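Reproduced below: protein25.txt, with compact mmCIF, C-alpha atoms.
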```txt
# COMPACT_ATOMS: atom_id res chain seq x y z
CA MET A 200 0.00 0.00 0.00
CA SER A 201 2.85 2.38 0.89
CA SER A 202 4.35 1.75 -2.57
CA LEU A 203 1.04 2.79 -4.12
CA VAL A 204 0.94 6.02 -2.12
CA GLN A 205 4.60 6.75 -2.86
CA GLY A 206 3.97 5.98 -6.52
CA PHE A 207 1.12 8.45 -6.59
CA PHE A 208 3.15 11.21 -4.98
CA GLN A 209 6.09 10.47 -7.25
CA ALA A 210 3.81 10.70 -10.28
CA VAL A 211 2.59 14.12 -9.13
CA SER A 212 6.14 15.17 -8.38
CA LEU A 213 7.43 14.04 -11.79
CA ILE A 214 4.69 15.96 -13.54
CA LEU A 215 5.11 19.08 -11.42
CA HIS A 216 8.87 19.11 -11.92
CA VAL A 217 8.44 18.76 -15.70
CA ASP A 218 10.80 15.79 -15.93
CA ARG A 219 12.09 15.95 -19.49
CA VAL A 220 12.83 12.24 -19.75
CA LEU A 221 9.37 11.39 -18.50
CA PHE A 222 7.70 13.81 -20.92
CA GLY A 223 9.77 12.36 -23.74
CA ILE A 224 8.49 8.89 -22.85
CA ILE A 225 4.88 10.12 -22.61
CA LEU A 226 5.11 11.97 -25.92
CA LEU A 227 6.59 8.95 -27.68
CA SER A 228 3.85 6.74 -26.21
CA LEU A 229 1.17 9.10 -27.48
CA LYS A 230 2.86 9.45 -30.87
CA VAL A 231 3.27 5.69 -31.40
CA SER A 232 -0.21 4.80 -30.09
CA GLY A 233 -1.86 7.76 -31.84
CA LEU A 234 -0.39 6.87 -35.21
CA ALA A 235 -1.22 3.19 -34.71
CA LEU A 236 -4.78 4.13 -33.83
CA LEU A 237 -5.04 6.37 -36.88
CA LEU A 238 -3.69 3.65 -39.18
CA SER A 239 -5.87 0.94 -37.65
CA THR A 240 -8.94 3.15 -38.06
CA MET A 241 -8.02 3.92 -41.67
CA LEU A 242 -7.75 0.18 -42.35
CA GLY A 243 -10.35 -1.22 -39.95
CA LEU A 244 -13.23 1.12 -40.76
CA PRO A 245 -13.32 0.33 -44.51
CA LEU A 246 -12.82 -3.38 -43.80
CA GLY A 247 -15.60 -3.40 -41.18
CA SER A 248 -17.83 -1.46 -43.58
CA VAL A 249 -17.28 -3.97 -46.38
CA LEU A 250 -18.04 -6.86 -44.00
CA GLY A 251 -21.14 -5.07 -42.74
CA LEU A 252 -22.52 -3.82 -46.03
CA LYS A 253 -21.52 -6.27 -48.75
CA ARG A 254 -22.51 -9.86 -49.35
CA PHE A 255 -19.77 -11.96 -50.94
CA PRO A 256 -18.56 -15.58 -50.90
CA GLY A 257 -16.43 -16.27 -47.83
CA ARG A 258 -17.91 -13.37 -45.84
CA ASP A 259 -18.81 -15.55 -42.85
CA LEU A 260 -15.31 -17.00 -42.80
CA ALA A 261 -13.84 -13.48 -42.97
CA ILE A 262 -16.00 -12.35 -40.02
CA SER A 263 -14.98 -15.38 -37.94
CA THR A 264 -11.32 -14.76 -38.80
CA VAL A 265 -11.48 -11.10 -37.79
CA ASN A 266 -13.24 -12.00 -34.54
CA THR A 267 -10.53 -14.57 -33.79
CA LEU A 268 -7.76 -12.08 -34.55
CA MET A 269 -9.16 -9.75 -31.89
CA GLY A 270 -7.51 -12.04 -29.39
CA LEU A 271 -4.11 -12.07 -31.08
CA PRO A 272 -1.39 -12.64 -28.45
CA PRO A 273 0.86 -9.54 -28.58
CA VAL A 274 4.08 -11.53 -28.14
CA VAL A 275 3.18 -13.65 -31.16
CA VAL A 276 2.63 -10.50 -33.21
CA GLY A 277 5.91 -9.13 -31.87
CA LEU A 278 7.75 -12.29 -32.83
CA PHE A 279 6.16 -12.33 -36.30
CA ILE A 280 7.14 -8.72 -36.99
CA TYR A 281 10.59 -9.32 -35.52
CA LEU A 282 11.14 -12.18 -37.98
CA LEU A 283 9.89 -10.04 -40.86
CA LEU A 284 12.00 -7.00 -39.99
CA SER A 285 15.16 -8.67 -38.67
CA ARG A 286 18.26 -8.30 -40.81
CA ARG A 287 17.79 -11.75 -42.35
CA GLY A 288 14.01 -11.37 -42.67
CA PRO A 289 12.16 -10.54 -45.93
CA LEU A 290 11.74 -6.88 -44.92
CA GLY A 291 15.08 -6.57 -43.16
CA PHE A 292 16.39 -4.20 -45.86
CA LEU A 293 13.99 -1.52 -44.56
CA GLY A 294 16.00 -1.26 -41.35
CA LEU A 295 12.91 -0.73 -39.22
CA LEU A 296 13.64 -3.15 -36.39
CA TYR A 297 14.09 -1.43 -33.01
CA SER A 298 12.49 1.76 -34.28
CA PRO A 299 9.23 3.55 -33.42
CA SER A 300 7.97 2.57 -36.90
CA ALA A 301 8.22 -1.13 -35.99
CA MET A 302 6.25 -0.40 -32.80
CA ILE A 303 3.57 1.40 -34.80
CA ILE A 304 3.32 -1.56 -37.18
CA ALA A 305 2.95 -3.99 -34.25
CA GLN A 306 0.26 -1.92 -32.54
CA THR A 307 -1.59 -1.41 -35.81
CA ILE A 308 -1.67 -5.16 -36.45
CA LEU A 309 -3.10 -5.70 -32.97
CA ALA A 310 -5.71 -2.93 -33.28
CA VAL A 311 -6.97 -3.50 -36.84
CA PRO A 312 -9.03 -6.61 -35.97
CA ILE A 313 -10.63 -4.77 -33.04
CA VAL A 314 -11.63 -1.77 -35.16
CA THR A 315 -12.77 -4.03 -38.03
CA ALA A 316 -14.87 -6.40 -35.89
CA LEU A 317 -16.51 -3.68 -33.80
CA CYS A 318 -17.18 -1.45 -36.84
CA HIS A 319 -18.74 -4.44 -38.61
CA SER A 320 -20.92 -5.05 -35.56
CA ALA A 321 -21.97 -1.38 -35.37
CA ILE A 322 -22.86 -1.30 -39.07
CA VAL A 323 -24.88 -4.54 -39.18
CA ASN A 324 -26.88 -3.29 -36.20
CA VAL A 325 -28.10 -0.21 -38.09
CA ASP A 326 -31.84 -0.48 -38.74
CA PRO A 327 -32.36 -1.75 -42.34
CA LEU A 328 -35.00 0.97 -42.71
CA ILE A 329 -32.19 3.55 -42.81
CA ARG A 330 -30.82 2.15 -46.03
CA GLN A 331 -34.31 1.90 -47.51
CA ALA A 332 -35.09 5.47 -46.44
CA ALA A 333 -31.93 6.75 -48.13
CA ARG A 334 -32.78 4.82 -51.29
CA THR A 335 -36.39 6.01 -51.45
CA LEU A 336 -35.16 9.60 -51.07
CA GLY A 337 -32.93 9.29 -54.12
CA ALA A 338 -29.55 8.38 -52.65
CA THR A 339 -27.01 6.77 -54.93
CA PRO A 340 -25.51 3.45 -53.69
CA ARG A 341 -22.50 5.40 -52.38
CA GLN A 342 -24.75 7.88 -50.54
CA GLU A 343 -26.71 4.95 -49.06
CA THR A 344 -23.46 3.51 -47.71
CA VAL A 345 -22.50 6.87 -46.21
CA ALA A 346 -25.95 7.14 -44.58
CA VAL A 347 -25.56 3.72 -42.95
CA ILE A 348 -22.01 4.43 -41.73
CA ARG A 349 -23.16 7.78 -40.38
CA GLU A 350 -25.90 6.04 -38.39
CA ALA A 351 -23.29 3.67 -36.96
CA ARG A 352 -21.02 6.54 -35.89
CA TYR A 353 -21.37 6.05 -32.13
CA GLY A 354 -20.67 2.32 -32.44
CA ILE A 355 -17.65 3.16 -34.60
CA LEU A 356 -16.47 5.53 -31.89
CA SER A 357 -16.74 2.64 -29.40
CA ALA A 358 -14.53 0.59 -31.71
CA ILE A 359 -11.93 3.36 -31.70
CA ILE A 360 -12.11 3.64 -27.90
CA ALA A 361 -11.54 -0.12 -27.56
CA ALA A 362 -8.62 0.00 -29.98
CA PHE A 363 -7.11 2.95 -28.11
CA GLY A 364 -7.23 0.94 -24.89
CA ARG A 365 -5.47 -1.94 -26.60
CA VAL A 366 -2.64 0.11 -28.12
CA MET A 367 -1.99 2.24 -25.05
CA ALA A 368 -1.74 -0.82 -22.81
CA GLU A 369 0.37 -2.86 -25.22
CA VAL A 370 3.80 -3.97 -24.01
CA GLY A 371 4.73 -7.45 -25.28
CA ALA A 372 4.93 -6.79 -29.01
CA ILE A 373 6.56 -3.36 -28.80
CA LEU A 374 9.14 -4.62 -26.35
CA ILE A 375 10.21 -7.26 -28.89
CA VAL A 376 10.24 -5.01 -31.98
CA GLY A 377 11.15 -1.72 -30.29
CA GLY A 378 13.84 -2.96 -27.96
CA ASN A 379 13.07 -0.42 -25.22
CA ILE A 380 15.95 1.87 -26.24
CA ALA A 381 16.14 4.90 -23.93
CA GLY A 382 15.24 8.13 -25.68
CA TYR A 383 14.34 6.33 -28.91
CA THR A 384 11.86 3.47 -28.45
CA ARG A 385 11.19 3.58 -24.72
CA VAL A 386 7.51 4.18 -24.07
CA MET A 387 5.46 4.17 -20.88
CA THR A 388 4.54 0.50 -20.80
CA THR A 389 8.04 -0.73 -21.61
CA THR A 390 9.48 1.65 -19.00
CA ILE A 391 7.08 0.27 -16.41
CA ALA A 392 8.23 -3.28 -17.27
CA LEU A 393 11.89 -2.23 -17.06
CA GLU A 394 11.55 -0.28 -13.78
CA THR A 395 9.63 -3.18 -12.21
CA ASP A 396 12.46 -5.55 -13.21
CA LYS A 397 14.92 -3.14 -11.56
CA GLY A 398 12.81 -3.07 -8.38
CA ASN A 399 12.07 0.62 -8.86
CA PHE A 400 8.39 0.18 -8.02
CA GLU A 401 7.65 3.82 -7.20
CA LEU A 402 8.68 5.07 -10.63
CA ALA A 403 6.89 2.14 -12.28
CA LEU A 404 3.75 2.97 -10.33
CA ALA A 405 4.09 6.65 -11.09
CA LEU A 406 4.21 5.88 -14.80
CA GLY A 407 1.29 3.47 -14.41
CA ILE A 408 -0.77 6.21 -12.78
CA ILE A 409 0.10 8.69 -15.55
CA LEU A 410 -0.77 6.05 -18.19
CA LEU A 411 -4.11 5.43 -16.51
CA ALA A 412 -4.79 9.16 -16.25
CA ILE A 413 -4.13 9.65 -19.99
CA SER A 414 -6.37 6.67 -20.86
CA PHE A 415 -9.03 7.98 -18.51
CA ALA A 416 -8.94 11.47 -20.04
CA VAL A 417 -9.19 10.19 -23.63
CA ASN A 418 -11.91 7.68 -22.79
CA THR A 419 -13.91 10.27 -20.85
CA LEU A 420 -13.77 12.63 -23.80
CA LEU A 421 -14.84 9.98 -26.30
CA HIS A 422 -17.52 8.65 -23.95
CA ALA A 423 -18.92 12.17 -23.55
CA VAL A 424 -19.26 12.45 -27.33
CA GLN A 425 -20.93 9.04 -27.44
CA LYS A 426 -23.28 9.88 -24.56
CA ARG A 427 -24.29 13.11 -26.25
CA GLY A 428 -25.44 11.06 -29.25
CA ALA A 429 -27.25 8.56 -27.06
CA VAL A 430 -29.03 11.28 -25.06
CA ARG A 431 -30.20 12.96 -28.23
CA ALA A 432 -31.48 9.64 -29.53
CA ALA A 433 -33.24 8.64 -26.28
CA MET B 57 -45.95 12.51 -65.49
CA LYS B 58 -47.72 9.43 -66.76
CA LEU B 59 -47.02 5.86 -65.66
CA VAL B 60 -48.24 2.86 -67.59
CA ILE B 61 -47.69 -0.64 -66.25
CA GLU B 62 -48.30 -3.57 -68.54
CA HIS B 63 -48.43 -7.25 -67.61
CA ILE B 64 -46.16 -6.77 -64.58
CA ARG B 65 -45.17 -10.05 -62.93
CA LYS B 66 -43.24 -10.68 -59.74
CA ALA B 67 -42.60 -13.79 -57.66
CA TYR B 68 -40.56 -14.38 -54.50
CA ASP B 69 -39.13 -17.87 -53.94
CA GLY B 70 -41.53 -19.33 -56.48
CA ARG B 71 -44.59 -17.64 -54.92
CA THR B 72 -46.36 -15.37 -57.37
CA VAL B 73 -47.15 -11.97 -55.87
CA LEU B 74 -48.00 -10.02 -59.01
CA ALA B 75 -49.52 -12.13 -61.78
CA ASP B 76 -50.44 -9.69 -64.51
CA CYS B 77 -50.80 -6.06 -63.46
CA THR B 78 -51.84 -3.62 -66.10
CA TYR B 79 -52.95 -0.04 -65.45
CA SER B 80 -52.36 3.52 -66.52
CA PHE B 81 -51.73 6.27 -63.94
CA SER B 82 -51.78 9.83 -65.24
CA GLY B 83 -52.12 13.42 -64.13
CA GLY B 84 -52.53 14.54 -60.52
CA GLY B 85 -54.99 13.07 -58.11
CA VAL B 86 -55.00 10.25 -55.62
CA TYR B 87 -55.02 6.59 -56.62
CA VAL B 88 -55.80 4.27 -53.73
CA LEU B 89 -54.91 0.57 -53.94
CA MET B 90 -56.82 -1.77 -51.67
CA GLY B 91 -56.57 -5.48 -51.12
CA PRO B 92 -55.89 -8.15 -48.53
CA ASN B 93 -52.49 -8.66 -46.86
CA GLY B 94 -49.89 -10.19 -49.16
CA CYS B 95 -51.82 -9.39 -52.34
CA GLY B 96 -48.85 -7.45 -53.73
CA LYS B 97 -49.76 -3.82 -53.07
CA SER B 98 -46.41 -2.96 -51.50
CA THR B 99 -44.51 -4.90 -54.15
CA LEU B 100 -46.30 -2.97 -56.88
CA LEU B 101 -45.37 0.34 -55.23
CA ARG B 102 -41.72 -0.74 -54.92
CA ILE B 103 -41.64 -1.72 -58.59
CA CYS B 104 -43.39 1.46 -59.76
CA SER B 105 -41.00 3.61 -57.70
CA LEU B 106 -38.06 1.80 -59.38
CA LEU B 107 -36.71 0.40 -56.12
CA GLU B 108 -37.15 -3.13 -57.40
CA GLY B 109 -37.39 -4.66 -60.86
CA PRO B 110 -40.30 -6.83 -62.09
CA ASP B 111 -39.76 -10.40 -63.32
CA GLY B 112 -41.71 -9.59 -66.45
CA GLY B 113 -43.88 -6.95 -68.06
CA GLU B 114 -43.19 -3.33 -68.84
CA LEU B 115 -43.15 0.01 -67.01
CA ARG B 116 -43.44 3.12 -69.18
CA TYR B 117 -42.99 6.63 -67.84
CA SER B 118 -43.63 9.69 -69.94
CA ASP B 119 -43.79 13.44 -69.56
CA ASN B 120 -46.11 15.31 -71.95
CA GLY B 121 -45.89 12.36 -74.32
CA ALA B 122 -42.10 12.17 -74.25
CA PRO B 123 -40.89 8.79 -72.91
CA LEU B 124 -38.62 8.84 -69.85
CA VAL B 125 -35.77 6.38 -69.41
CA PRO B 126 -35.84 4.45 -66.13
CA GLY B 127 -32.71 5.22 -64.10
CA MET B 128 -31.45 7.32 -61.22
CA ALA B 129 -32.66 10.60 -62.76
CA LEU B 130 -36.19 9.26 -63.15
CA ARG B 131 -36.11 7.58 -59.72
CA ARG B 132 -35.32 10.97 -58.21
CA ARG B 133 -38.52 12.42 -59.64
CA MET B 134 -40.63 10.22 -57.36
CA THR B 135 -40.42 8.73 -53.89
CA LEU B 136 -41.96 6.09 -51.68
CA VAL B 137 -42.97 6.52 -48.03
CA LEU B 138 -42.86 3.19 -46.22
CA PRO B 139 -45.42 2.06 -43.61
CA ARG B 140 -42.76 2.53 -40.91
CA THR B 141 -40.48 5.48 -41.48
CA GLY B 142 -36.80 4.90 -40.72
CA VAL B 143 -35.42 8.19 -39.41
CA PHE B 144 -31.80 9.22 -39.32
CA ASN B 145 -30.25 9.92 -35.91
CA THR B 146 -30.21 13.66 -36.46
CA THR B 147 -32.58 16.60 -36.18
CA VAL B 148 -36.02 16.79 -37.77
CA PHE B 149 -34.52 19.43 -40.08
CA GLY B 150 -31.63 17.12 -41.04
CA ASN B 151 -34.05 14.33 -41.86
CA ALA B 152 -36.29 16.52 -43.99
CA ALA B 153 -33.24 17.94 -45.77
CA TYR B 154 -31.73 14.56 -46.68
CA GLY B 155 -33.34 14.12 -50.12
CA LEU B 156 -32.37 17.64 -51.15
CA ARG B 157 -28.82 17.25 -49.88
CA VAL B 158 -28.19 14.03 -51.83
CA ARG B 159 -29.33 15.96 -54.89
CA GLY B 160 -26.75 18.65 -54.16
CA ALA B 161 -29.29 21.42 -53.49
CA ARG B 162 -27.98 24.78 -52.32
CA ARG B 163 -28.08 25.51 -48.57
CA GLU B 164 -30.60 28.38 -48.88
CA GLU B 165 -32.90 26.26 -51.04
CA VAL B 166 -32.69 23.40 -48.54
CA ALA B 167 -33.50 25.69 -45.60
CA SER B 168 -36.46 27.31 -47.28
CA ARG B 169 -37.92 24.12 -48.73
CA VAL B 170 -37.53 22.18 -45.48
CA ARG B 171 -39.24 24.91 -43.45
CA ASP B 172 -42.13 24.91 -45.95
CA VAL B 173 -42.71 21.15 -45.84
CA LEU B 174 -42.34 20.92 -42.06
CA THR B 175 -44.94 23.68 -41.73
CA PHE B 176 -47.14 21.78 -44.20
CA VAL B 177 -47.08 18.63 -42.00
CA GLY B 178 -47.24 20.54 -38.70
CA LEU B 179 -43.72 19.88 -37.47
CA SER B 180 -42.14 23.31 -37.90
CA HIS B 181 -41.93 23.75 -34.09
CA LYS B 182 -39.73 20.63 -33.81
CA LEU B 183 -37.11 21.68 -36.35
CA GLN B 184 -34.09 21.17 -34.07
CA GLN B 185 -35.41 18.19 -32.12
CA ASN B 186 -33.77 14.80 -32.67
CA ALA B 187 -36.06 12.85 -34.99
CA LEU B 188 -35.71 9.70 -32.88
CA THR B 189 -37.60 11.41 -30.06
CA LEU B 190 -40.76 11.93 -32.17
CA SER B 191 -43.92 9.90 -31.60
CA SER B 192 -44.82 7.30 -34.23
CA GLY B 193 -47.42 9.62 -35.73
CA GLU B 194 -44.99 12.53 -35.91
CA THR B 195 -42.37 10.20 -37.38
CA GLN B 196 -44.75 9.21 -40.15
CA ARG B 197 -45.52 12.87 -40.82
CA LEU B 198 -41.79 13.52 -40.98
CA GLY B 199 -41.54 10.67 -43.50
CA ILE B 200 -44.11 12.44 -45.66
CA ALA B 201 -42.41 15.83 -45.19
CA ARG B 202 -39.07 14.31 -46.17
CA ALA B 203 -40.64 12.92 -49.31
CA LEU B 204 -42.42 16.17 -50.19
CA ALA B 205 -39.23 18.19 -49.69
CA ILE B 206 -37.83 16.80 -52.92
CA GLY B 207 -40.94 17.88 -54.83
CA PRO B 208 -41.83 14.45 -56.24
CA GLU B 209 -44.03 14.20 -59.30
CA ILE B 210 -45.29 10.85 -58.04
CA LEU B 211 -45.61 10.20 -54.31
CA PHE B 212 -46.08 6.57 -53.36
CA LEU B 213 -47.50 6.06 -49.87
CA ASP B 214 -47.48 2.51 -48.56
CA GLU B 215 -50.13 2.31 -45.84
CA PRO B 216 -49.25 5.76 -44.47
CA THR B 217 -51.59 5.51 -41.48
CA ALA B 218 -51.07 1.83 -40.58
CA SER B 219 -49.00 2.52 -37.47
CA VAL B 220 -50.37 5.84 -36.22
CA ASP B 221 -53.14 6.95 -33.85
CA GLU B 222 -56.46 8.49 -34.84
CA GLU B 223 -55.27 12.09 -34.42
CA ASN B 224 -52.27 11.58 -36.68
CA THR B 225 -54.39 9.63 -39.15
CA THR B 226 -56.63 12.71 -39.47
CA ILE B 227 -53.59 14.97 -39.95
CA ILE B 228 -52.06 12.66 -42.59
CA GLU B 229 -55.39 12.41 -44.44
CA SER B 230 -55.60 16.18 -44.39
CA ILE B 231 -52.07 16.41 -45.87
CA ILE B 232 -53.08 14.01 -48.66
CA GLY B 233 -56.25 16.08 -49.16
CA ASP B 234 -54.14 19.23 -49.54
CA LEU B 235 -51.90 17.49 -52.08
CA LYS B 236 -55.00 16.44 -53.97
CA ARG B 237 -56.29 20.00 -54.07
CA GLU B 238 -52.93 21.37 -55.19
CA GLY B 239 -52.95 18.78 -57.98
CA ARG B 240 -49.19 19.01 -58.65
CA THR B 241 -48.31 15.58 -57.27
CA MET B 242 -49.76 12.26 -58.31
CA VAL B 243 -50.36 10.22 -55.14
CA ILE B 244 -50.50 6.44 -55.37
CA MET B 245 -51.23 4.94 -51.97
CA THR B 246 -52.25 1.68 -50.39
CA THR B 247 -54.56 1.22 -47.42
CA HIS B 248 -56.59 -1.41 -45.63
CA ASP B 249 -59.18 1.10 -44.51
CA ARG B 250 -62.15 1.14 -46.90
CA ASP B 251 -63.58 4.37 -45.43
CA GLN B 252 -60.23 6.12 -45.76
CA ALA B 253 -59.92 4.91 -49.34
CA GLU B 254 -63.32 6.32 -50.20
CA ARG B 255 -62.54 9.62 -48.45
CA LEU B 256 -59.28 10.16 -50.32
CA ALA B 257 -59.44 8.37 -53.66
CA ASP B 258 -59.99 9.92 -57.03
CA ARG B 259 -59.58 6.39 -58.36
CA LEU B 260 -60.11 3.36 -56.15
CA LEU B 261 -58.24 0.27 -57.31
CA ILE B 262 -58.59 -3.26 -56.03
CA MET B 263 -55.74 -5.77 -56.07
CA LYS B 264 -56.77 -9.38 -56.17
CA GLU B 265 -54.89 -12.50 -57.18
CA GLY B 266 -51.94 -10.37 -58.31
CA LYS B 267 -53.99 -8.19 -60.67
CA VAL B 268 -55.24 -4.59 -60.51
CA ARG B 269 -58.74 -3.52 -61.44
CA GLU B 270 -60.84 -0.42 -60.83
CA ALA B 271 -63.43 -0.76 -58.06
```

What do you get writing this file as structure tokens?
Amino acid sequence: MSSLVQGFFQAVSLILHVDRVLFGIILLSLKVSGLALLLSTMLGLPLGSVLGLKRFPGRDLAISTVNTLMGLPPVVVGLFIYLLLSRRGPLGFLGLLYSPSAMIIAQTILAVPIVTALCHSAIVNVDPLIRQAARTLGATPRQETVAVIREARYGILSAIIAAFGRVMAEVGAILIVGGNIAGYTRVMTTTIALETDKGNFELALALGIILLAISFAVNTLLHAVQKRGAVRAA
Amino acid sequence: MKLVIEHIRKAYDGRTVLADCTYSFSGGGVYVLMGPNGCGKSTLLRICSLLEGPDGGELRYSDNGAPLVPGMALRRRMTLVLPRTGVFNTTVFGNAAYGLRVRGARREEVASRVRDVLTFVGLSHKLQQNALTLSSGETQRLGIARALAIGPEILFLDEPTASVDEENTTIIESIIGDLKREGRTMVIMTTHDRDQAERLADRLLIMKEGKVREA
């Protein structure tokens, strides 16, 4: 318990004293996770929309696959990307191993199935009358699709919130492909793992509290947007 | 606009819904289709509004004698209001504006037209309210307003009062009555209510065994 209290006070102290190293770690965490979230949304939203809106052979198999991939073990993803990006791997010539780019790739791979599956779910749950309404009012097929996706917007936001939680909390994959290099690939979660190994529990806890606070702030903001939509629809 | 249907056939999973529908709709006025459940009234409206194709037969649209080619441009000159209106999760204004916006109408035109139609159906005081909070009767009136906003030459109404209370039924009948008096829009509607049909119809049509005939 005393470690928890000390961790809390150390977190406050680190923030108040504008610790440059700490801010560097926080900024890199936000940069890596933010870009991964952006990429996974750019990939997952169209994929989820196709699964939700189109009928094609193998669709059921694709949905089952995406749902299964939601539970991808991060260390397996890390290992897979490591093998791809290592010097002797097929993409080794890119020189991305132990770089923030490799961490972004790993987080994106972990988040894409979450965004895809939850976007698909949000879109298939839109009332079929919406599509019919758009059609009867003269919408083109593309405009119909936009109308359905627009109706699913709060569900899509939930998908993004879930993916954000996954990427911010990720440690296994980025530790393997990023290498936890101080000042270059060291992010909050990998620092927590390192400081815990060193027995520096207070700093680890302090970082954990800051990580939670950031997640809480982002989730509260997104939830407020979502709630606003739900209240208006109630 | 004139619409001629000839020998229209439609079947779903081997079950014939429309056997041989032939009729000519022209000018303004209100055509009311009556018939038992499953006799094909809704299917005929969907086919006539170009939302669905027939299995056989011919649909001919013309304007002052000039034939019109079925396609998106023609589909946008008419609209269908379903028995249960699906509203978008946005304001009443946003819903009523949808048809104009997908046509790329200018903002001022949208604002003015939407205010006119919402006044016409008695919803102008709910302009900024979320459409999902409306009662079922108000929702159906919004469905009609949304359809009228685009200025359709043919307005198809599929059982417009099936899911609304008596008060809203009276309001919707009055809206149809106003359209009839204005005479600019041809209304083709279905109903189960014989009294309503007789109150509103210029032409009363009966659908039986997949065919249309005048009552």

Task: chain A residues near chain B (9 Å cut-off, only C-alpha atoms) as a PyMOL selection string - done: chain A and resi 326-339+342+346+349-350+428+431-433

Task: Contacts of region 243-260 of chain A within 6 Å, all atoms listed in the file, excl. fewer than 3 positions in-chain, as number ranges by chain - done: A: 239-240, 263, 311, 314-315, 318-319, 322-323

Find the residues around Asp214 (chain B) up to 10 Å (all atoms listed in the file counted), leave out those fewer than 4 positions away in its own chain, and share them as a PDB file with C-alpha atoms, in the coordinates of the input.
```
ATOM      1  CA  VAL B  88     -55.800   4.270 -53.730  1.00  0.00           C
ATOM      2  CA  LEU B  89     -54.910   0.570 -53.940  1.00  0.00           C
ATOM      3  CA  LYS B  97     -49.760  -3.820 -53.070  1.00  0.00           C
ATOM      4  CA  SER B  98     -46.410  -2.960 -51.500  1.00  0.00           C
ATOM      5  CA  THR B  99     -44.510  -4.900 -54.150  1.00  0.00           C
ATOM      6  CA  LEU B 101     -45.370   0.340 -55.230  1.00  0.00           C
ATOM      7  CA  ARG B 102     -41.720  -0.740 -54.920  1.00  0.00           C
ATOM      8  CA  LEU B 136     -41.960   6.090 -51.680  1.00  0.00           C
ATOM      9  CA  VAL B 137     -42.970   6.520 -48.030  1.00  0.00           C
ATOM     10  CA  LEU B 138     -42.860   3.190 -46.220  1.00  0.00           C
ATOM     11  CA  PRO B 139     -45.420   2.060 -43.610  1.00  0.00           C
ATOM     12  CA  ARG B 140     -42.760   2.530 -40.910  1.00  0.00           C
ATOM     13  CA  ALA B 218     -51.070   1.830 -40.580  1.00  0.00           C
ATOM     14  CA  ILE B 244     -50.500   6.440 -55.370  1.00  0.00           C
ATOM     15  CA  MET B 245     -51.230   4.940 -51.970  1.00  0.00           C
ATOM     16  CA  THR B 246     -52.250   1.680 -50.390  1.00  0.00           C
ATOM     17  CA  THR B 247     -54.560   1.220 -47.420  1.00  0.00           C
TER      18      THR B 247
END
```

Task: Residues near Leu309 (chain A), cut-off 8 Å, only C-alpha atoms, skip fewer than 2 positions along chain, as a ChimeraX atom specification - done: /A:269,271,273,276,305-307,311-313,365-366

Task: Which residue of A:Val345, A:Met367, A:Leu356, A:Leu203 approaches Lys426 (chain A) most closely, using only C-alpha atoms - done: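 Ranking A:Val345, A:Met367, A:Leu356, A:Leu203 by distance to Lys426 (chain A), first place goes to A:Leu356.
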
- [ ] Identify which of the residues A:Ile262, A:Ala423, A:Val386, A:Ala405 lies closest to Ser228 (chain A), counting all atoms listed in the file when measuring atom-to-atom distances.
- [x]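 The shortest atom-to-atom distance to Ser228 (chain A) comes from A:Val386.
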
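Computed from the coordinates, the CA of Ile224 (chain A) to CA of Asn379 (chain A) distance equals 10.6 Å.
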
Task: Residue contacts of region 171-178 of chain B (12 Å, all atoms listed in the file) excluding same-chain residues fewer than 4 positions away, as a PyMOL selection string - done: chain B and resi 148-153+164-167+182-184+193-207+224-235

- [ ] Could you give me, as a ChimeraX atom specification, the residues within 10 Å of Gly378 (chain A), counting only C-alpha atoms and dropping anything in the same chain fewer than 2 positions from it?
- [x] /A:296-299,301-302,372-376,380-381,383-385,389

- [ ] May I ask which of the residues A:Ala210, A:Ile280, A:Val325, A:Val231 is the closest one to Thr344 (chain A), counting only C-alpha atoms?
- [x] A:Val325

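Note that the spacing between CA of Leu295 (chain A) and CA of Asp218 (chain A) amounts to 28.6 Å.
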
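Atom to atom, CA of Ala316 (chain A) and CA of Gly354 (chain A) stand 11.0 Å apart.
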
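For the residues B:Arg259, B:Arg116, B:Arg163, B:His63, ranking by smallest atom-to-atom distance to Val86 (chain B) using only C-alpha atoms places B:Arg259 first.
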
Open item on the list: Which polymer residues, whether protein, DNA or RNA, lie within 12 Å of the coordinate (0.7, 16.5, -11.8) when you count all atoms listed in the file? List them as a PyMOL selection string, using the chain letters and numbers from the file.
Closed with: chain A and resi 207-218+222+405-406+408-409+412-413

Task: Sphere at (-60.0, -8.8, -53.8), radius 12 Å, counting all atoms listed in the file: residues as a ChimeraX atom specification - done: /B:89-97,248,261-271

Centre and size of axis-aligned box enclosing region 361-370 of chain A plus 3 Å each side, as lines of an AutoDock Vina configuration file:
```
center_x = -3.9
center_y = -0.5
center_z = -26.4
size_x = 21.3
size_y = 12.9
size_z = 13.2
```

- [ ] Compare A:Thr419, A:Asn399, A:Gly277, A:Gly382 by their minimum atom-to-atom distance to Val220 (chain A), counting all atoms listed in the file, and give me the closest one.
- [x]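 Closest to Val220 (chain A), using all atoms listed in the file: A:Gly382.
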